[in-house]
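With compact mmCIF, C-alpha atoms and all ligand atoms inside, this is upload.txt:
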# COMPACT_ATOMS: atom_id res chain seq x y z
CA MET Y 1 -17.62 -18.50 -18.89
CA THR Y 2 -20.27 -15.95 -17.90
CA THR Y 3 -20.16 -13.74 -14.83
CA GLN Y 4 -22.93 -15.89 -13.36
CA SER Y 5 -21.09 -19.17 -13.83
CA ILE Y 6 -17.81 -17.71 -12.52
CA THR Y 7 -19.64 -16.34 -9.46
CA ASP Y 8 -21.39 -19.66 -8.82
CA THR Y 9 -18.13 -21.61 -9.07
CA GLU Y 10 -16.19 -19.25 -6.79
CA GLN Y 11 -18.98 -19.36 -4.26
CA GLU Y 12 -19.07 -23.13 -4.37
CA PHE Y 13 -15.33 -23.71 -4.02
CA GLN Y 14 -13.93 -20.71 -2.11
CA LEU Y 15 -14.35 -19.86 1.56
CA ALA Y 16 -16.74 -16.94 1.74
CA THR Y 17 -14.32 -14.52 3.43
CA TYR Y 18 -14.64 -11.54 1.11
CA SER Y 19 -17.40 -9.09 0.38
CA LYS Y 20 -17.32 -8.81 -3.43
CA LEU Y 21 -18.64 -6.65 -6.21
CA ASP Y 22 -21.00 -8.39 -8.65
CA LEU Y 23 -18.28 -8.35 -11.27
CA ALA Y 24 -16.13 -11.07 -12.83
CA ILE Y 25 -13.11 -9.30 -14.30
CA VAL Y 26 -11.30 -11.28 -16.97
CA ARG Y 27 -9.04 -8.76 -18.71
CA GLY Y 28 -7.33 -5.45 -18.03
CA ARG Y 29 -5.16 -2.81 -19.69
CA GLY Y 30 -4.05 0.46 -18.12
CA PRO Y 31 -6.80 1.79 -15.87
CA TRP Y 32 -9.47 -0.24 -17.70
CA VAL Y 33 -10.84 -3.72 -16.95
CA TRP Y 34 -13.37 -5.89 -18.79
CA THR Y 35 -15.96 -8.31 -17.45
CA ALA Y 36 -16.75 -11.78 -18.77
CA GLU Y 37 -19.48 -10.14 -20.88
CA ASN Y 38 -16.92 -7.67 -22.28
CA GLU Y 39 -18.29 -4.70 -20.36
CA LYS Y 40 -15.63 -2.07 -19.77
CA TYR Y 41 -15.02 -0.47 -16.35
CA LEU Y 42 -12.72 2.38 -15.36
CA ASP Y 43 -10.73 1.08 -12.39
CA LEU Y 44 -9.97 4.00 -10.08
CA TYR Y 45 -9.34 1.47 -7.31
CA GLY Y 46 -6.30 0.11 -9.22
CA GLY Y 47 -7.04 -3.57 -8.50
CA HIS Y 48 -6.96 -2.78 -4.73
CA ALA Y 49 -3.99 -0.36 -4.87
CA VAL Y 50 -1.89 -3.00 -6.61
CA CYS Y 51 -1.80 -1.95 -10.25
CA GLY Y 52 0.29 1.20 -9.86
CA VAL Y 53 1.41 1.17 -13.48
CA GLY Y 54 -2.01 0.02 -14.67
CA HIS Y 55 -3.30 -3.43 -15.44
CA SER Y 56 -1.00 -5.71 -17.41
CA HIS Y 57 1.49 -3.00 -18.42
CA PRO Y 58 3.18 -4.41 -21.56
CA ASP Y 59 6.71 -3.82 -20.22
CA VAL Y 60 5.96 -5.63 -16.98
CA VAL Y 61 4.24 -8.45 -18.85
CA LYS Y 62 7.27 -8.78 -21.16
CA ALA Y 63 9.73 -8.79 -18.26
CA ILE Y 64 7.78 -11.50 -16.42
CA ALA Y 65 7.31 -13.61 -19.56
CA GLU Y 66 11.00 -13.45 -20.49
CA GLN Y 67 12.02 -14.28 -16.94
CA ALA Y 68 9.57 -17.20 -16.79
CA GLU Y 69 11.09 -18.55 -19.98
CA ARG Y 70 14.64 -18.25 -18.59
CA LEU Y 71 14.24 -19.24 -14.90
CA MET Y 72 11.06 -19.15 -12.86
CA PHE Y 73 12.51 -19.78 -9.47
CA TYR Y 74 15.49 -20.40 -7.31
CA SER Y 75 15.54 -19.49 -3.64
CA ASN Y 76 18.00 -17.33 -1.71
CA VAL Y 77 20.30 -20.30 -1.42
CA VAL Y 78 21.85 -18.99 -4.64
CA TYR Y 79 22.63 -15.54 -6.06
CA SER Y 80 20.51 -14.29 -8.95
CA ASP Y 81 21.03 -11.66 -11.66
CA ILE Y 82 17.44 -10.45 -11.57
CA ARG Y 83 17.34 -10.33 -7.75
CA ALA Y 84 20.54 -8.30 -7.75
CA ALA Y 85 19.07 -5.91 -10.33
CA ALA Y 86 15.74 -5.53 -8.49
CA ALA Y 87 17.37 -4.92 -5.11
CA GLU Y 88 19.73 -2.34 -6.58
CA LYS Y 89 16.86 -0.59 -8.37
CA LEU Y 90 14.59 -0.54 -5.31
CA VAL Y 91 17.32 0.83 -3.06
CA SER Y 92 18.20 3.44 -5.69
CA VAL Y 93 14.74 5.02 -5.40
CA ALA Y 94 14.55 4.83 -1.60
CA PRO Y 95 15.69 7.85 0.42
CA GLU Y 96 19.01 7.70 2.26
CA PRO Y 97 20.02 6.04 4.54
CA LEU Y 98 17.72 3.18 3.45
CA GLU Y 99 20.12 0.95 1.64
CA LYS Y 100 19.37 -2.77 2.06
CA ALA Y 101 16.28 -4.65 0.88
CA PHE Y 102 14.77 -7.82 2.28
CA PHE Y 103 12.18 -9.44 0.02
CA CYS Y 104 9.12 -11.37 1.12
CA ASN Y 105 5.69 -11.97 -0.35
CA SER Y 106 3.08 -9.57 1.01
CA GLY Y 107 2.48 -6.45 3.04
CA THR Y 108 1.68 -8.20 6.27
CA GLU Y 109 4.84 -10.28 5.98
CA ALA Y 110 6.94 -7.18 5.35
CA ASN Y 111 5.55 -5.67 8.56
CA GLU Y 112 6.14 -8.87 10.55
CA ASN Y 113 9.76 -8.83 9.46
CA ALA Y 114 10.17 -5.10 10.13
CA MET Y 115 8.96 -5.57 13.71
CA ARG Y 116 11.26 -8.55 14.12
CA ILE Y 117 14.22 -6.47 12.92
CA ALA Y 118 13.29 -3.81 15.50
CA ARG Y 119 13.21 -6.37 18.30
CA LEU Y 120 16.42 -8.09 17.21
CA ALA Y 121 18.29 -4.81 16.84
CA THR Y 122 17.22 -3.36 20.19
CA GLY Y 123 16.83 -6.49 22.32
CA ARG Y 124 13.48 -5.01 23.44
CA HIS Y 125 9.95 -6.28 22.87
CA LYS Y 126 7.54 -3.37 22.96
CA ILE Y 127 5.97 -2.14 19.71
CA VAL Y 128 4.02 1.12 19.50
CA SER Y 129 1.47 1.60 16.73
CA PHE Y 130 -1.40 3.99 16.14
CA SER Y 131 -5.16 4.24 16.47
CA LYS Y 132 -6.90 3.30 13.20
CA GLY Y 133 -3.74 2.10 11.47
CA PHE Y 134 -3.92 -1.15 9.48
CA HIS Y 135 -0.85 -3.36 9.12
CA GLY Y 136 -2.12 -6.75 7.94
CA ARG Y 137 -3.63 -9.96 9.24
CA THR Y 138 -0.78 -12.18 10.42
CA ALA Y 139 -0.12 -12.44 14.17
CA ASP Y 140 2.23 -9.52 14.85
CA ALA Y 141 0.79 -7.24 12.16
CA ILE Y 142 -2.80 -7.70 13.32
CA SER Y 143 -1.67 -7.07 16.90
CA ALA Y 144 -0.30 -3.72 15.72
CA THR Y 145 -3.61 -2.94 13.99
CA PHE Y 146 -5.90 -0.72 16.02
CA LEU Y 147 -8.65 -0.36 13.43
CA GLY Y 148 -12.18 -1.62 14.05
CA LYS Y 149 -12.42 -5.27 14.98
CA TYR Y 150 -9.35 -6.54 13.13
CA ARG Y 151 -7.19 -6.84 16.23
CA GLN Y 152 -9.76 -9.04 18.00
CA LEU Y 153 -9.68 -11.43 15.04
CA GLY Y 154 -6.06 -12.14 15.92
CA GLU Y 155 -6.65 -12.95 19.60
CA PRO Y 156 -4.73 -14.02 21.56
CA ASN Y 157 -2.61 -11.10 20.31
CA VAL Y 158 1.15 -10.88 20.42
CA PRO Y 159 2.02 -9.25 23.79
CA GLU Y 160 3.62 -5.83 24.29
CA HIS Y 161 1.76 -3.97 21.56
CA ILE Y 162 0.77 -0.49 22.67
CA GLU Y 163 -1.68 1.91 20.99
CA ALA Y 164 -0.90 5.62 20.57
CA GLU Y 165 -3.28 8.28 19.25
CA PHE Y 166 -2.46 8.99 15.57
CA GLY Y 167 -1.41 12.61 15.09
CA ASP Y 168 -1.10 13.49 18.78
CA ALA Y 169 2.49 14.73 19.11
CA GLU Y 170 2.18 15.40 22.83
CA ALA Y 171 1.36 11.78 23.59
CA LEU Y 172 4.58 10.50 22.01
CA SER Y 173 6.94 11.21 24.92
CA ALA Y 174 4.96 9.18 27.42
CA ILE Y 175 4.24 6.25 25.16
CA ILE Y 176 7.59 5.75 23.37
CA ASP Y 177 10.24 5.03 25.98
CA ASP Y 178 13.49 3.19 26.64
CA GLU Y 179 11.66 -0.14 26.45
CA THR Y 180 10.25 0.48 22.98
CA ALA Y 181 11.76 -1.73 20.28
CA GLY Y 182 9.88 -0.22 17.37
CA VAL Y 183 7.22 2.25 16.32
CA ILE Y 184 5.20 1.34 13.24
CA ILE Y 185 3.04 3.90 11.49
CA GLU Y 186 0.96 3.98 8.33
CA PRO Y 187 1.96 7.52 7.38
CA ILE Y 188 -1.31 8.11 5.55
CA GLN Y 189 -3.94 5.86 7.10
CA SER Y 190 -5.65 4.59 3.98
CA MET Y 191 -8.19 2.05 5.16
CA ALA Y 192 -9.23 4.32 8.04
CA GLY Y 193 -10.45 6.87 5.49
CA VAL Y 194 -7.21 8.49 4.31
CA ARG Y 195 -6.23 10.16 7.59
CA GLU Y 196 -3.16 12.39 7.56
CA ALA Y 197 -0.76 13.82 10.12
CA SER Y 198 1.32 17.01 9.87
CA PRO Y 199 4.98 17.16 8.81
CA ASP Y 200 5.79 18.42 12.33
CA TYR Y 201 4.24 15.30 13.77
CA PHE Y 202 6.62 13.08 11.78
CA THR Y 203 9.54 15.25 12.85
CA ARG Y 204 8.61 14.83 16.51
CA LEU Y 205 8.11 11.09 15.99
CA ARG Y 206 11.60 10.79 14.51
CA GLU Y 207 13.07 12.81 17.40
CA ARG Y 208 11.35 10.67 20.03
CA CYS Y 209 12.55 7.44 18.40
CA ASP Y 210 16.11 8.86 18.35
CA GLU Y 211 15.85 9.92 22.01
CA THR Y 212 14.81 6.43 23.08
CA GLY Y 213 16.79 4.33 20.59
CA SER Y 214 13.57 2.92 19.10
CA VAL Y 215 13.34 1.77 15.49
CA LEU Y 216 10.96 3.84 13.37
CA ILE Y 217 9.04 1.90 10.72
CA PHE Y 218 6.88 3.45 8.00
CA ASP Y 219 4.34 0.97 6.68
CA GLU Y 220 4.31 2.13 3.06
CA VAL Y 221 2.40 -0.84 1.72
CA GLN Y 222 -0.10 1.67 0.28
CA THR Y 223 1.86 4.92 0.19
CA GLY Y 224 5.04 3.49 -1.35
CA VAL Y 225 6.29 2.97 -4.90
CA GLY Y 226 5.25 6.38 -6.17
CA ARG Y 227 1.65 6.40 -5.03
CA THR Y 228 1.76 9.73 -3.19
CA GLY Y 229 3.73 11.48 -5.93
CA SER Y 230 7.18 10.76 -4.52
CA TRP Y 231 8.93 7.38 -4.55
CA PHE Y 232 8.12 6.92 -0.88
CA PHE Y 233 6.30 9.00 1.72
CA ALA Y 234 9.56 8.67 3.66
CA GLY Y 235 11.74 11.68 3.01
CA SER Y 236 8.95 13.61 1.27
CA GLU Y 237 7.69 17.08 2.10
CA PRO Y 238 4.47 15.88 3.79
CA ALA Y 239 6.71 13.69 6.00
CA GLY Y 240 8.72 16.76 6.99
CA GLY Y 241 11.63 15.10 5.19
CA VAL Y 242 11.69 12.39 7.88
CA VAL Y 243 13.20 9.06 6.87
CA PRO Y 244 12.44 6.09 9.14
CA ASP Y 245 14.83 3.20 9.86
CA ILE Y 246 12.68 0.78 7.86
CA VAL Y 247 10.15 1.28 5.09
CA THR Y 248 7.87 -1.63 4.22
CA ALA Y 249 6.39 -1.91 0.73
CA ALA Y 250 4.13 -4.36 -1.11
CA LYS Y 251 0.90 -3.89 -3.15
CA SER Y 252 2.01 -2.03 -6.31
CA LEU Y 253 5.66 -3.06 -5.92
CA GLY Y 254 5.19 -6.04 -8.25
CA SER Y 255 2.20 -4.79 -10.29
CA GLY Y 256 0.22 -7.83 -9.17
CA VAL Y 257 2.95 -10.42 -8.76
CA PRO Y 258 2.98 -10.99 -4.96
CA VAL Y 259 5.99 -9.32 -3.37
CA GLY Y 260 6.77 -7.40 -0.20
CA SER Y 261 9.91 -5.73 1.02
CA CYS Y 262 11.58 -4.17 4.03
CA ILE Y 263 14.03 -1.47 3.02
CA VAL Y 264 16.37 -1.00 5.93
CA SER Y 265 18.88 1.68 6.92
CA GLY Y 266 22.55 0.80 6.71
CA GLY Y 267 23.03 1.15 10.46
CA LEU Y 268 20.18 -1.17 11.31
CA ALA Y 269 21.16 -3.68 8.64
CA ALA Y 270 24.40 -4.31 10.54
CA ALA Y 271 22.37 -5.74 13.44
CA ILE Y 272 20.77 -8.45 11.26
CA LYS Y 273 22.58 -11.74 10.90
CA GLU Y 274 22.28 -14.79 8.69
CA ASN Y 275 19.07 -16.74 9.38
CA ASP Y 276 17.41 -13.95 11.40
CA LEU Y 277 14.85 -13.56 8.59
CA GLY Y 278 13.92 -15.76 5.67
CA THR Y 279 11.23 -17.14 3.39
CA THR Y 280 11.30 -19.63 0.54
CA PHE Y 281 9.58 -17.47 -2.06
CA GLY Y 282 11.00 -14.06 -1.10
CA GLY Y 283 13.18 -12.66 -3.87
CA GLY Y 284 11.84 -15.20 -6.38
CA MET Y 285 12.67 -14.49 -10.00
CA LEU Y 286 9.17 -13.64 -11.27
CA ALA Y 287 8.59 -11.18 -8.44
CA MET Y 288 12.01 -9.62 -8.98
CA ALA Y 289 11.41 -9.20 -12.72
CA ALA Y 290 8.10 -7.51 -11.86
CA VAL Y 291 9.71 -5.18 -9.28
CA LYS Y 292 12.48 -4.09 -11.63
CA ALA Y 293 10.11 -3.54 -14.56
CA THR Y 294 7.55 -1.68 -12.40
CA ILE Y 295 10.12 0.81 -11.10
CA ASP Y 296 11.55 1.25 -14.60
CA VAL Y 297 8.09 2.10 -15.96
CA ILE Y 298 7.41 4.66 -13.21
CA GLU Y 299 10.75 6.29 -13.96
CA ARG Y 300 10.50 6.20 -17.76
CA GLU Y 301 6.89 7.42 -17.94
CA GLY Y 302 7.34 10.20 -15.36
CA LEU Y 303 4.57 8.79 -13.20
CA LEU Y 304 5.48 10.59 -9.97
CA GLU Y 305 4.69 13.84 -11.72
CA ASN Y 306 1.50 12.38 -13.18
CA ALA Y 307 0.34 11.21 -9.74
CA ARG Y 308 0.70 14.79 -8.45
CA ASN Y 309 -1.19 16.12 -11.45
CA ILE Y 310 -4.00 13.61 -10.92
CA GLU Y 311 -4.36 14.79 -7.33
CA ARG Y 312 -4.77 18.38 -8.53
CA MET Y 313 -7.41 17.30 -11.05
CA VAL Y 314 -9.39 15.22 -8.59
CA ARG Y 315 -9.38 18.11 -6.12
CA SER Y 316 -10.61 20.47 -8.82
CA VAL Y 317 -13.35 18.07 -9.98
CA CYS Y 318 -14.49 17.52 -6.40
CA SER Y 319 -14.62 21.23 -5.67
CA GLU Y 320 -17.59 21.39 -8.07
CA ASN Y 321 -19.62 18.86 -6.09
CA VAL Y 322 -21.46 20.42 -3.17
CA ALA Y 323 -21.75 17.09 -1.35
CA VAL Y 324 -17.95 16.85 -1.05
CA LYS Y 325 -16.81 18.05 2.37
CA SER Y 326 -13.08 17.48 1.93
CA VAL Y 327 -10.48 15.70 -0.19
CA ARG Y 328 -7.64 14.13 1.75
CA GLY Y 329 -4.45 12.35 0.80
CA LYS Y 330 -1.67 12.77 -1.72
CA GLY Y 331 -1.10 11.84 -5.36
CA CYS Y 332 -3.04 8.71 -6.26
CA LEU Y 333 -4.10 7.88 -2.69
CA LEU Y 334 -7.11 10.11 -2.14
CA GLY Y 335 -10.08 10.03 0.21
CA ILE Y 336 -13.18 12.00 -0.71
CA GLU Y 337 -15.30 12.84 2.29
CA PHE Y 338 -19.02 13.24 1.58
CA GLU Y 339 -21.55 14.99 3.73
CA GLY Y 340 -23.95 12.29 4.94
CA GLY Y 341 -22.22 9.16 3.59
CA ALA Y 342 -20.12 8.05 0.63
CA ARG Y 343 -21.99 4.84 -0.23
CA PRO Y 344 -24.58 6.46 -2.61
CA PHE Y 345 -21.72 8.05 -4.58
CA TYR Y 346 -19.81 4.77 -4.68
CA ARG Y 347 -22.97 3.09 -6.10
CA LYS Y 348 -23.58 5.92 -8.54
CA LEU Y 349 -20.03 5.66 -9.87
CA LEU Y 350 -20.32 1.90 -10.17
CA ASP Y 351 -23.56 2.32 -12.14
CA ALA Y 352 -21.52 4.58 -14.46
CA LYS Y 353 -18.98 1.71 -14.71
CA ILE Y 354 -16.33 3.34 -12.54
CA ILE Y 355 -14.80 1.27 -9.73
CA THR Y 356 -13.72 3.14 -6.59
CA GLY Y 357 -13.32 1.95 -3.00
CA MET Y 358 -15.01 2.55 0.33
CA SER Y 359 -13.06 2.81 3.59
CA SER Y 360 -13.77 2.05 7.22
CA ASP Y 361 -15.14 5.60 7.48
CA PRO Y 362 -18.62 5.44 5.89
CA ASN Y 363 -18.27 9.06 4.73
CA VAL Y 364 -15.04 8.49 2.82
CA LEU Y 365 -14.69 7.09 -0.69
CA ARG Y 366 -11.17 6.12 -1.75
CA LEU Y 367 -9.44 6.54 -5.08
CA LEU Y 368 -6.32 4.45 -5.66
CA PRO Y 369 -5.96 4.69 -9.44
CA PRO Y 370 -2.95 3.59 -11.45
CA LEU Y 371 -0.34 6.35 -11.43
CA ASN Y 372 -0.64 6.59 -15.22
CA VAL Y 373 -4.37 7.28 -15.27
CA ALA Y 374 -5.02 10.04 -17.82
CA GLU Y 375 -6.69 13.41 -17.36
CA ARG Y 376 -9.51 12.32 -19.68
CA GLU Y 377 -10.28 9.45 -17.34
CA ILE Y 378 -10.49 11.77 -14.35
CA GLU Y 379 -12.86 13.92 -16.42
CA LEU Y 380 -15.07 10.85 -16.87
CA PHE Y 381 -15.02 10.41 -13.11
CA GLY Y 382 -15.96 14.07 -12.65
CA GLU Y 383 -18.85 13.81 -15.12
CA ALA Y 384 -20.18 10.70 -13.38
CA LEU Y 385 -19.85 12.31 -9.95
CA LEU Y 386 -21.66 15.46 -10.99
CA GLY Y 387 -24.20 13.84 -13.32
C1 LIG H 1 -1.09 -0.12 5.06
C2 LIG H 1 -1.19 -1.60 4.87
N1 LIG H 1 -0.31 -2.40 5.50
C3 LIG H 1 -0.34 -3.73 5.35
C4 LIG H 1 -1.29 -4.35 4.56
C5 LIG H 1 -1.30 -5.83 4.41
O1 LIG H 1 -0.85 -6.17 3.14
P1 LIG H 1 -1.17 -7.60 2.51
O2 LIG H 1 -2.64 -7.64 2.29
O3 LIG H 1 -0.35 -7.66 1.25
O4 LIG H 1 -0.72 -8.61 3.51
C6 LIG H 1 -2.23 -3.56 3.89
C7 LIG H 1 -3.27 -4.18 3.05
O5 LIG H 1 -4.27 -3.61 2.70
C8 LIG H 1 -2.18 -2.15 4.04
O6 LIG H 1 -3.06 -1.36 3.43

Take the structure in this file and express it as structure tokens.
Ligand SMILES: Cc1ncc(COP(=O)(O)O)c(C=O)c1O
Amino acid sequence: MTTQSITDTEQEFQLATYSKLDLAIVRGRGPWVWTAENEKYLDLYGGHAVCGVGHSHPDVVKAIAEQAERLMFYSNVVYSDIRAAAAEKLVSVAPEPLEKAFFCNSGTEANENAMRIARLATGRHKIVSFSKGFHGRTADAISATFLGKYRQLGEPNVPEHIEAEFGDAEALSAIIDDETAGVIIEPIQSMAGVREASPDYFTRLRERCDETGSVLIFDEVQTGVGRTGSWFFAGSEPAGGVVPDIVTAAKSLGSGVPVGSCIVSGGLAAAIKENDLGTTFGGGMLAMAAVKATIDVIEREGLLENARNIERMVRSVCSENVAVKSVRGKGCLLGIEFEGGARPFYRKLLDAKIITGMSSDPNVLRLLPPLNVAEREIELFGEALLG
């Protein structure tokens, strides 16, 4: 099939809910993807922050194929060797005291379940979230999303969602109180244009949640699974070492096989009983094989270190471009702020066959490359940006 015929067919048979690039991608390997006409593109958007170990990593492909051959699915009604292995592996890379995983199928679903855990554990209803954070499109997650017009799309919203100003430590005392069940924060606000808060801010947030008995949730759908150069933002230096009560993860967790997770502290886990949460597909064998293999690859190939190195390189490359006002973010989640708008640079890079992403801030271009992108590939990006 040609790009044209693929485009025509999608447009004929799919609801037109996405703004798309004029590309039909049919194959991928590492940070590279190929179109139907066999044109090669460098994917510094990582398949929408999903392909953390690159496209179709051979070890992940092998693990999924072998699992599919052996057993494709059985629900949580039974125990499973691969689910046991994936849960153990995921918990092993999460900071203490996060020690129990719940598996679901997407980022929004992980956040829905995290907020439910907070309400069940505290017996309260109120959820605090932050200006310009994005948490997904299902009812509770979209109600916690105070970015652009997303929240209105979910009207009538779930009640008792309160907005706090991201990064404003002084506002926390008034807004998080004894009626707050949970506080959910995207610790680096990716979609908003890679907005960051200080380590002290996270420390104060943790303190305020402890003072009020509120459950602290880090939405690490984008920042998790090694993306910022540590396994999770939780517990890292930029977080001031703060570990929340729940971390949610999705996107690169399964390298493209849909999977989400809540990783919950031991103390909080004790408040959750049989049947409080559940989903048919959560913890399915293909997803679990993908999770286990993805984490193994990050570990074996030293990709946390590589993600930190890539950040240094991108910062250095950008320092040579006078139009770049700032580079924000950590590891392989970077926002490049351009004086007077990022769109021309996004187009220029695309013309040079390099895929990047825009954000809801028109001045900020986002890079979400695979964690194993090579220095040479960042050089290509630099040449295209400067050329
Ligand atoms: C921070 C964050 N949370 C939640 C979500 C929702 O994840 P999903 O699209 O898998 O439902 C996203 C998706 O972009 C996200 O970036």

>> Which residues are close to Phe103 in chain Y, i.e. within 8 Å by only C-alpha atoms, leaving aside same-chain residues fewer than 4 positions away? Reply as a ChimeraX atom specification.
In response: /Y:110,259-262,282-283

Selected residues written out with C-alpha atoms, as a compact mmCIF listing (two decimals), in the frame of the given file:
# COMPACT_ATOMS: atom_id res chain seq x y z
CA ALA Y 110 6.94 -7.18 5.35
CA VAL Y 259 5.99 -9.32 -3.37
CA GLY Y 260 6.77 -7.40 -0.20
CA SER Y 261 9.91 -5.73 1.02
CA CYS Y 262 11.58 -4.17 4.03
CA GLY Y 282 11.00 -14.06 -1.10
CA GLY Y 283 13.18 -12.66 -3.87

Proximity of chain Y to ligand LIG 1 (chain H): per-residue shortest pair, 10 Å limit, all atoms listed in the file, as a Markdown table:
| residue | atom | partner | partner_atom | distance |
| --- | --- | --- | --- | --- |
| Y:His48 | CA | H:LIG1 | O5 | 7.9 |
| Y:Ala49 | CA | H:LIG1 | O5 | 8.2 |
| Y:Val50 | CA | H:LIG1 | O3 | 9.3 |
| Y:Asn105 | CA | H:LIG1 | O3 | 7.6 |
| Y:Ser106 | CA | H:LIG1 | O3 | 3.9 |
| Y:Gly107 | CA | H:LIG1 | O1 | 3.3 |
| Y:Thr108 | CA | H:LIG1 | O4 | 3.7 |
| Y:Glu109 | CA | H:LIG1 | O4 | 6.3 |
| Y:Ala110 | CA | H:LIG1 | O4 | 8.0 |
| Y:Asn111 | CA | H:LIG1 | C3 | 7.0 |
| Y:Glu112 | CA | H:LIG1 | C3 | 9.8 |
| Y:Gly133 | CA | H:LIG1 | C1 | 7.3 |
| Y:Phe134 | CA | H:LIG1 | C1 | 5.3 |
| Y:His135 | CA | H:LIG1 | N1 | 3.8 |
| Y:Gly136 | CA | H:LIG1 | C5 | 3.7 |
| Y:Arg137 | CA | H:LIG1 | O4 | 6.6 |
| Y:Thr138 | CA | H:LIG1 | O4 | 7.8 |
| Y:Ala141 | CA | H:LIG1 | C3 | 7.7 |
| Y:Ile142 | CA | H:LIG1 | C5 | 9.2 |
| Y:Thr145 | CA | H:LIG1 | N1 | 9.1 |
| Y:Ile185 | CA | H:LIG1 | C1 | 8.6 |
| Y:Glu186 | CA | H:LIG1 | C1 | 5.6 |
| Y:Pro187 | CA | H:LIG1 | C1 | 8.5 |
| Y:Ile188 | CA | H:LIG1 | C1 | 8.2 |
| Y:Gln189 | CA | H:LIG1 | C1 | 6.9 |
| Y:Ser190 | CA | H:LIG1 | O6 | 6.5 |
| Y:Met191 | CA | H:LIG1 | O6 | 6.4 |
| Y:Ala192 | CA | H:LIG1 | O6 | 9.6 |
| Y:Phe218 | CA | H:LIG1 | C1 | 9.2 |
| Y:Asp219 | CA | H:LIG1 | C1 | 5.8 |
| Y:Glu220 | CA | H:LIG1 | C1 | 6.2 |
| Y:Val221 | CA | H:LIG1 | C2 | 4.8 |
| Y:Gln222 | CA | H:LIG1 | C1 | 5.2 |
| Y:Thr223 | CA | H:LIG1 | C1 | 7.6 |
| Y:Gly224 | CA | H:LIG1 | C1 | 9.6 |
| Y:Thr248 | CA | H:LIG1 | N1 | 8.3 |
| Y:Ala249 | CA | H:LIG1 | N1 | 8.2 |
| Y:Ala250 | CA | H:LIG1 | O3 | 6.0 |
| Y:Lys251 | CA | H:LIG1 | O3 | 5.9 |
| Y:Ser252 | CA | H:LIG1 | O3 | 9.7 |
| Y:Pro258 | CA | H:LIG1 | O3 | 7.8 |
| Y:Val259 | CA | H:LIG1 | O3 | 8.0 |
| Y:Gly260 | CA | H:LIG1 | O3 | 7.3 |

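You can rank Y:Leu98, Y:Leu385, Y:Ala36, Y:Ile263 by their closest distance to Asn321 in chain Y using all atoms listed in the file, and at the top of that list sits Y:Leu385.
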
> Which polymer residues have any atom within 8 Å of an atom of range 302-306 of chain Y, counting all atoms listed in the file, with same-chain residues fewer than 2 positions away left out, as a ChimeraX atom specification?
Replying inline: /Y:226-231,298-300,308-310,371-372

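Within 9 Å of the point (11.1, -18.1, 3.3) in file coordinates, and counting only C-alpha atoms, lie the residues Ser75, Asn76, Cys104, Asn105, Leu277, Gly278, Thr279, Thr280, Phe281 and Gly282 of chain Y.
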